[in-house]
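Printed here is target10.pdb (PDB, C-alpha atoms, pLDDT in the B column):
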```
ATOM      1  CA  ILE A   5      17.513 -40.206  38.506  1.00 71.00           C
ATOM      2  CA  ASN A   6      13.999 -40.730  37.170  1.00 82.00           C
ATOM      3  CA  TRP A   7      11.676 -43.679  37.823  1.00 86.00           C
ATOM      4  CA  ARG A   8      12.542 -45.387  34.510  1.00 84.00           C
ATOM      5  CA  THR A   9      16.205 -45.411  35.470  1.00 79.00           C
ATOM      6  CA  VAL A  10      15.404 -46.901  38.893  1.00 84.00           C
ATOM      7  CA  VAL A  11      13.289 -49.639  37.275  1.00 87.00           C
ATOM      8  CA  GLY A  12      16.055 -50.342  34.750  1.00 82.00           C
ATOM      9  CA  ILE A  13      18.671 -50.614  37.496  1.00 80.00           C
ATOM     10  CA  MET A  14      16.446 -52.966  39.505  1.00 85.00           C
ATOM     11  CA  LEU A  15      15.875 -55.152  36.441  1.00 86.00           C
ATOM     12  CA  LEU A  16      19.630 -55.282  35.807  1.00 79.00           C
ATOM     13  CA  ILE A  17      20.305 -56.255  39.417  1.00 82.00           C
ATOM     14  CA  GLY A  18      17.692 -59.005  39.032  1.00 84.00           C
ATOM     15  CA  ALA A  19      19.447 -60.111  35.842  1.00 83.00           C
ATOM     16  CA  LEU A  20      22.780 -60.349  37.674  1.00 76.00           C
ATOM     17  CA  VAL A  21      21.227 -62.446  40.418  1.00 79.00           C
ATOM     18  CA  SER A  22      19.525 -64.729  37.911  1.00 81.00           C
ATOM     19  CA  LEU A  23      22.614 -65.143  35.731  1.00 75.00           C
ATOM     20  CA  THR A  24      24.709 -65.917  38.801  1.00 73.00           C
ATOM     21  CA  ALA A  25      22.160 -68.454  40.043  1.00 72.00           C
ATOM     22  CA  GLY A  26      22.294 -70.241  36.706  1.00 61.00           C
ATOM     23  CA  VAL A  27      26.030 -70.909  36.932  1.00 60.00           C
ATOM     24  CA  GLY A  28      27.335 -74.208  38.197  1.00 58.00           C
ATOM     25  CA  ASN A  29      29.872 -73.979  40.981  1.00 57.00           C
ATOM     26  CA  ASP A  30      32.911 -76.105  40.186  1.00 58.00           C
ATOM     27  CA  LEU A  31      35.220 -73.697  41.977  1.00 55.00           C
ATOM     28  CA  PRO A  32      36.615 -74.418  45.430  1.00 63.00           C
ATOM     29  CA  GLN A  33      34.481 -72.969  48.203  1.00 70.00           C
ATOM     30  CA  LEU A  34      35.934 -69.945  49.959  1.00 67.00           C
ATOM     31  CA  GLN A  35      36.100 -70.099  53.717  1.00 75.00           C
ATOM     32  CA  GLY A  36      35.663 -67.459  56.392  1.00 76.00           C
ATOM     33  CA  ILE A  37      37.372 -64.157  55.818  1.00 81.00           C
ATOM     34  CA  MET A  38      38.036 -64.895  52.135  1.00 77.00           C
ATOM     35  CA  VAL A  39      34.294 -64.579  51.390  1.00 74.00           C
ATOM     36  CA  VAL A  40      34.346 -61.098  52.930  1.00 80.00           C
ATOM     37  CA  VAL A  41      37.530 -60.185  51.051  1.00 82.00           C
ATOM     38  CA  ALA A  42      36.023 -61.397  47.764  1.00 77.00           C
ATOM     39  CA  ALA A  43      32.807 -59.427  48.350  1.00 79.00           C
ATOM     40  CA  LEU A  44      34.757 -56.284  49.257  1.00 86.00           C
ATOM     41  CA  ALA A  45      36.997 -56.685  46.200  1.00 85.00           C
ATOM     42  CA  ALA A  46      33.974 -57.055  43.908  1.00 80.00           C
ATOM     43  CA  THR A  47      32.308 -54.023  45.510  1.00 83.00           C
ATOM     44  CA  LEU A  48      35.481 -51.953  45.194  1.00 87.00           C
ATOM     45  CA  ALA A  49      35.794 -52.951  41.527  1.00 83.00           C
ATOM     46  CA  GLY A  50      32.220 -51.861  40.813  1.00 78.00           C
ATOM     47  CA  VAL A  51      32.564 -48.567  42.663  1.00 82.00           C
ATOM     48  CA  SER A  52      35.902 -47.903  40.959  1.00 82.00           C
ATOM     49  CA  TYR A  53      34.432 -48.624  37.531  1.00 76.00           C
ATOM     50  CA  GLY A  54      31.416 -46.386  38.077  1.00 76.00           C
ATOM     51  CA  GLY A  55      33.480 -43.634  39.678  1.00 80.00           C
ATOM     52  CA  GLY A  56      36.089 -43.884  36.952  1.00 77.00           C
ATOM     53  CA  ASN A  57      33.410 -43.392  34.312  1.00 74.00           C
ATOM     54  CA  ALA A  58      32.142 -40.284  36.130  1.00 78.00           C
ATOM     55  CA  VAL A  59      35.656 -38.800  36.368  1.00 78.00           C
ATOM     56  CA  PHE A  60      36.382 -39.796  32.777  1.00 75.00           C
ATOM     57  CA  ARG A  61      33.245 -38.055  31.507  1.00 74.00           C
ATOM     58  CA  ARG A  62      33.909 -34.909  33.535  1.00 77.00           C
ATOM     59  CA  THR A  63      37.527 -34.554  32.410  1.00 76.00           C
ATOM     60  CA  MET A  64      36.566 -35.157  28.801  1.00 72.00           C
ATOM     61  CA  ALA A  65      33.845 -32.511  29.089  1.00 72.00           C
ATOM     62  CA  LYS A  66      36.547 -30.081  30.241  1.00 77.00           C
ATOM     63  CA  GLY A  67      38.692 -30.674  27.174  1.00 76.00           C
ATOM     64  CA  LEU A  68      40.780 -33.811  27.686  1.00 75.00           C
ATOM     65  CA  GLY A  69      40.763 -35.706  24.391  1.00 76.00           C
ATOM     66  CA  THR A  70      39.585 -39.292  24.106  1.00 74.00           C
ATOM     67  CA  GLU A  71      42.970 -40.469  22.895  1.00 78.00           C
ATOM     68  CA  GLN A  72      44.798 -38.722  25.759  1.00 80.00           C
ATOM     69  CA  ALA A  73      42.476 -40.230  28.353  1.00 76.00           C
ATOM     70  CA  LEU A  74      42.861 -43.691  26.836  1.00 78.00           C
ATOM     71  CA  CYS A  75      46.655 -43.372  26.887  1.00 79.00           C
ATOM     72  CA  ILE A  76      46.547 -42.498  30.595  1.00 78.00           C
ATOM     73  CA  ILE A  77      44.250 -45.408  31.418  1.00 77.00           C
ATOM     74  CA  THR A  78      46.186 -47.878  29.251  1.00 79.00           C
ATOM     75  CA  LEU A  79      49.569 -46.860  30.645  1.00 81.00           C
ATOM     76  CA  THR A  80      48.226 -47.088  34.196  1.00 81.00           C
ATOM     77  CA  GLY A  81      46.974 -50.612  33.521  1.00 79.00           C
ATOM     78  CA  MET A  82      50.178 -51.717  31.828  1.00 82.00           C
ATOM     79  CA  LEU A  83      52.433 -50.298  34.535  1.00 86.00           C
ATOM     80  CA  SER A  84      50.384 -51.627  37.443  1.00 87.00           C
ATOM     81  CA  THR A  85      49.920 -55.138  36.055  1.00 85.00           C
ATOM     82  CA  GLY A  86      53.512 -55.191  34.825  1.00 86.00           C
ATOM     83  CA  ALA A  87      54.769 -54.268  38.290  1.00 91.00           C
ATOM     84  CA  ILE A  88      52.587 -56.939  39.906  1.00 90.00           C
ATOM     85  CA  THR A  89      53.851 -59.528  37.406  1.00 89.00           C
ATOM     86  CA  VAL A  90      57.507 -58.696  38.013  1.00 92.00           C
ATOM     87  CA  ALA A  91      56.933 -58.677  41.780  1.00 94.00           C
ATOM     88  CA  ARG A  92      55.297 -62.119  41.669  1.00 92.00           C
ATOM     89  CA  ILE A  93      57.432 -64.028  39.159  1.00 92.00           C
ATOM     90  CA  GLY A  94      60.436 -61.793  38.591  1.00 92.00           C
ATOM     91  CA  LEU A  95      61.712 -60.184  35.426  1.00 91.00           C
ATOM     92  CA  ALA A  96      63.096 -63.488  34.123  1.00 92.00           C
ATOM     93  CA  GLY A  97      59.699 -65.140  34.589  1.00 90.00           C
ATOM     94  CA  ALA A  98      57.919 -62.287  32.819  1.00 88.00           C
ATOM     95  CA  LEU A  99      60.374 -62.412  29.912  1.00 90.00           C
ATOM     96  CA  ALA A 100      59.926 -66.195  29.672  1.00 91.00           C
ATOM     97  CA  THR A 101      56.280 -65.796  28.646  1.00 89.00           C
ATOM     98  CA  PRO A 102      55.622 -68.212  25.752  1.00 92.00           C
ATOM     99  CA  PRO A 103      54.962 -66.483  22.406  1.00 92.00           C
ATOM    100  CA  ALA A 104      51.420 -67.881  22.183  1.00 93.00           C
ATOM    101  CA  ALA A 105      50.592 -66.443  25.622  1.00 90.00           C
ATOM    102  CA  ALA A 106      52.205 -63.115  24.702  1.00 88.00           C
ATOM    103  CA  LEU A 107      50.085 -62.989  21.531  1.00 92.00           C
ATOM    104  CA  SER A 108      46.954 -63.736  23.568  1.00 91.00           C
ATOM    105  CA  LEU A 109      47.849 -60.916  25.954  1.00 86.00           C
ATOM    106  CA  LEU A 110      48.436 -58.553  23.045  1.00 87.00           C
ATOM    107  CA  MET A 111      45.084 -59.445  21.466  1.00 90.00           C
ATOM    108  CA  ALA A 112      43.328 -59.013  24.820  1.00 87.00           C
ATOM    109  CA  GLY A 113      44.995 -55.608  25.173  1.00 83.00           C
ATOM    110  CA  LEU A 114      43.801 -54.572  21.723  1.00 86.00           C
ATOM    111  CA  ALA A 115      40.265 -55.725  22.512  1.00 86.00           C
ATOM    112  CA  ASN A 116      40.453 -53.780  25.772  1.00 81.00           C
ATOM    113  CA  ALA A 117      41.565 -50.650  23.877  1.00 81.00           C
ATOM    114  CA  VAL A 118      38.611 -50.975  21.496  1.00 84.00           C
ATOM    115  CA  GLY A 119      36.290 -51.428  24.488  1.00 80.00           C
ATOM    116  CA  LEU A 120      37.721 -48.392  26.292  1.00 77.00           C
ATOM    117  CA  TYR A 121      37.421 -46.280  23.168  1.00 80.00           C
ATOM    118  CA  SER A 122      33.807 -47.386  22.758  1.00 79.00           C
ATOM    119  CA  ILE A 123      33.032 -46.548  26.381  1.00 73.00           C
ATOM    120  CA  ALA A 124      34.708 -43.150  25.959  1.00 74.00           C
ATOM    121  CA  LYS A 125      32.553 -42.360  22.945  1.00 76.00           C
ATOM    122  CA  ALA A 126      29.433 -43.589  24.761  1.00 73.00           C
ATOM    123  CA  LEU A 127      30.238 -41.345  27.718  1.00 69.00           C
ATOM    124  CA  GLN A 128      30.505 -38.380  25.367  1.00 72.00           C
ATOM    125  CA  MET A 129      27.046 -39.108  23.984  1.00 77.00           C
ATOM    126  CA  THR A 130      25.054 -40.128  27.061  1.00 75.00           C
ATOM    127  CA  THR A 131      24.906 -39.821  30.836  1.00 74.00           C
ATOM    128  CA  VAL A 132      27.249 -41.717  33.138  1.00 68.00           C
ATOM    129  CA  ASN A 133      24.263 -43.536  34.664  1.00 69.00           C
ATOM    130  CA  ARG A 134      23.060 -44.767  31.287  1.00 71.00           C
ATOM    131  CA  ALA A 135      26.583 -45.730  30.153  1.00 69.00           C
ATOM    132  CA  ASN A 136      27.167 -47.722  33.367  1.00 67.00           C
ATOM    133  CA  SER A 137      23.814 -49.454  32.944  1.00 68.00           C
ATOM    134  CA  MET A 138      24.618 -50.364  29.351  1.00 69.00           C
ATOM    135  CA  SER A 139      27.965 -51.751  30.489  1.00 70.00           C
ATOM    136  CA  SER A 140      26.096 -54.364  32.499  1.00 70.00           C
ATOM    137  CA  ALA A 141      25.229 -55.991  29.185  1.00 74.00           C
ATOM    138  CA  GLN A 142      28.756 -57.458  29.367  1.00 75.00           C
ATOM    139  CA  ILE A 143      27.486 -60.134  31.736  1.00 74.00           C
ATOM    140  CA  ALA A 144      24.714 -61.185  29.378  1.00 77.00           C
ATOM    141  CA  LEU A 145      27.134 -61.177  26.453  1.00 79.00           C
ATOM    142  CA  SER A 146      29.533 -63.332  28.480  1.00 79.00           C
ATOM    143  CA  ALA A 147      26.722 -65.797  29.127  1.00 79.00           C
ATOM    144  CA  LEU A 148      25.958 -65.943  25.401  1.00 82.00           C
ATOM    145  CA  ALA A 149      29.660 -66.450  24.635  1.00 82.00           C
ATOM    146  CA  ASP A 150      29.688 -69.336  27.144  1.00 80.00           C
ATOM    147  CA  LEU A 151      26.826 -70.934  25.237  1.00 82.00           C
ATOM    148  CA  ALA A 152      28.512 -70.460  21.871  1.00 85.00           C
ATOM    149  CA  LEU A 153      32.131 -71.213  22.737  1.00 83.00           C
ATOM    150  CA  PHE A 154      31.938 -73.665  25.625  1.00 82.00           C
ATOM    151  CA  SER A 155      28.599 -75.424  25.032  1.00 82.00           C
ATOM    152  CA  GLU A 156      27.288 -74.368  28.441  1.00 80.00           C
ATOM    153  CA  PRO A 157      23.818 -75.713  29.188  1.00 81.00           C
ATOM    154  CA  VAL A 158      20.810 -73.473  28.628  1.00 84.00           C
ATOM    155  CA  THR A 159      19.069 -73.097  31.992  1.00 84.00           C
ATOM    156  CA  ALA A 160      15.946 -71.277  33.130  1.00 86.00           C
ATOM    157  CA  PRO A 161      17.947 -68.767  35.244  1.00 84.00           C
ATOM    158  CA  LEU A 162      20.094 -68.012  32.190  1.00 82.00           C
ATOM    159  CA  ILE A 163      17.050 -67.295  30.018  1.00 85.00           C
ATOM    160  CA  VAL A 164      15.449 -65.180  32.768  1.00 87.00           C
ATOM    161  CA  GLY A 165      18.728 -63.290  33.301  1.00 84.00           C
ATOM    162  CA  LEU A 166      19.123 -62.545  29.604  1.00 85.00           C
ATOM    163  CA  GLY A 167      15.508 -61.382  29.406  1.00 86.00           C
ATOM    164  CA  LEU A 168      15.907 -59.140  32.464  1.00 86.00           C
ATOM    165  CA  THR A 169      19.096 -57.659  30.992  1.00 82.00           C
ATOM    166  CA  ILE A 170      17.303 -56.756  27.777  1.00 82.00           C
ATOM    167  CA  ALA A 171      14.338 -55.311  29.719  1.00 85.00           C
ATOM    168  CA  GLY A 172      16.654 -53.347  32.014  1.00 81.00           C
ATOM    169  CA  LEU A 173      18.602 -51.851  29.147  1.00 76.00           C
TER     170      LEU A 173
END
```
Kindly present the structure from the file in structure tokens form.
Amino acid sequence: INWRTVVGIMLLIGALVSLTAGVGNDLPQLQGIMVVVAALAATLAGVSYGGGNAVFRRTMAKGLGTEQALCIITLTGMLSTGAITVARIGLAGALATPPAAALSLLMAGLANAVGLYSIAKALQMTTVNRANSMSSAQIALSALADLALFSEPVTAPLIVGLGLTIAGL
């Protein structure tokens, strides 16, 4: 990792902090052990994402096709979330999903497939470190979507966070 990468990562971490600081907190406050559980879950998600990208890139470099890898990832996601759904609400509850919700889930799945395919192609063309750094732009794009779709207020931390994201990338 060269010095430019370290600076970019630090700027992106600063962007995350700034974007988080600019968000109002209308959610219920977590107490005690739940704060630790939430922090550990977020850390595990980040490590899993970064590690998954490294494994994905390595297996693709050894000959696994993009489409094959995406099928494995998609099936894993469908089976795991499907099993969790059935365990929580039962098969009857899962089958009672309203058509509008089912369509939303289908569209989200298609968007996810496009995103995974894009990440796969990016990992073929660049390093894992750079691809993971570029993925952090999702947070800035989410903030912009909040402004456009939900009329969120423009705050100084939001502007600073967006600027730091651009500088970091």
Practice task
Mind checking which residues fall within 10 Å of Ala25 of chain A, counting only C-alpha atoms, ignoring those fewer than 4 positions away in the same chain, and posting them as a list in words?
Solution key: Ala19, Leu20, Val21, Asn29, Thr159, Ala160, Pro161, Leu162 and Gly165 of chain A
Problem - Contacts of Ile17 of chain A at 12 Å (all atoms listed in the file; same-chain gap of 5+ positions) as a PyMOL selection string - result: chain A and resi 10-12+22-24+137+140-141+143+165-166+168-169+171-173
Spatial neighbours of Thr63 of chain A, max dist 12 Å, all atoms listed in the file, sep filter under 5 positions, as a JSON list (two decimals) with C-alpha atoms, in the coordinates of the input:
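Listing of out.json after writing:
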```json
[["chain", "number", "residue", "atom", "x", "y", "z"],
["A", 56, "GLY", "CA", 36.09, -43.88, 36.95],
["A", 57, "ASN", "CA", 33.41, -43.39, 34.31],
["A", 58, "ALA", "CA", 32.14, -40.28, 36.13],
["A", 68, "LEU", "CA", 40.78, -33.81, 27.69],
["A", 69, "GLY", "CA", 40.76, -35.71, 24.39],
["A", 70, "THR", "CA", 39.58, -39.29, 24.11],
["A", 72, "GLN", "CA", 44.80, -38.72, 25.76],
["A", 73, "ALA", "CA", 42.48, -40.23, 28.35],
["A", 74, "LEU", "CA", 42.86, -43.69, 26.84],
["A", 124, "ALA", "CA", 34.71, -43.15, 25.96],
["A", 127, "LEU", "CA", 30.24, -41.34, 27.72],
["A", 128, "GLN", "CA", 30.50, -38.38, 25.37]]
```
Handout entry: Computed interatomic separation between atom CA of Thr9 of chain A and atom CA of Arg134 of chain A (Å)
Key = 8.1 Å
Exercise for the section: Would you please work out which residue, of A:Thr131, A:Ser122, A:Ser155, A:Gln33, is nearest to Ala65 of chain A when using all atoms listed in the file? Expected result: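 The shortest atom-to-atom distance to Ala65 of chain A comes from A:Thr131.
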Problem - From A:Met64, A:Leu145, A:Val90, A:Ala100, residue lying nearest Met129 of chain A [all atoms listed in the file] - result: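 Checking each of A:Met64, A:Leu145, A:Val90, A:Ala100 against Met129 of chain A, counting all atoms listed in the file, the winner is A:Met64.
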Problem - atom CA of Val40 of chain A to atom CA of Ile88 of chain A, distance in Å rounded to a single decimal - result: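 Spanning atom CA of Val40 of chain A to atom CA of Ile88 of chain A is a straight-line distance of 22.8 Å.
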Put the listed atoms of segment 56-61 of chain A in a box along x, y and z with 4 Å added on every side and give me the centre and edge lengths in Å to one decimal, as JSON.
```
{"center_x": 34.3, "center_y": -41.0, "center_z": 34.2, "size_x": 12.2, "size_y": 13.8, "size_z": 13.4}
```
Handout entry: Interatomic distance (Å, one decimal) between atom CA of Gly86 of chain A and atom CA of Ala98 of chain A
Key =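 These two atoms are separated by 8.6 Å.
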Handout entry: Closest of A:Ala43, A:Leu148, A:Ile77, A:Ile163 to Gly113 of chain A - atom-to-atom distances counting all atoms listed in the file
Key =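 Closest candidate: A:Ile77.
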Handout entry: Closest of A:Met38, A:Ile76, A:Met14, A:Ile123 to Gly54 of chain A - atom-to-atom distances counting all atoms listed in the file
Key =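 Residue with the minimum atom-to-atom distance to Gly54 of chain A: A:Ile123.
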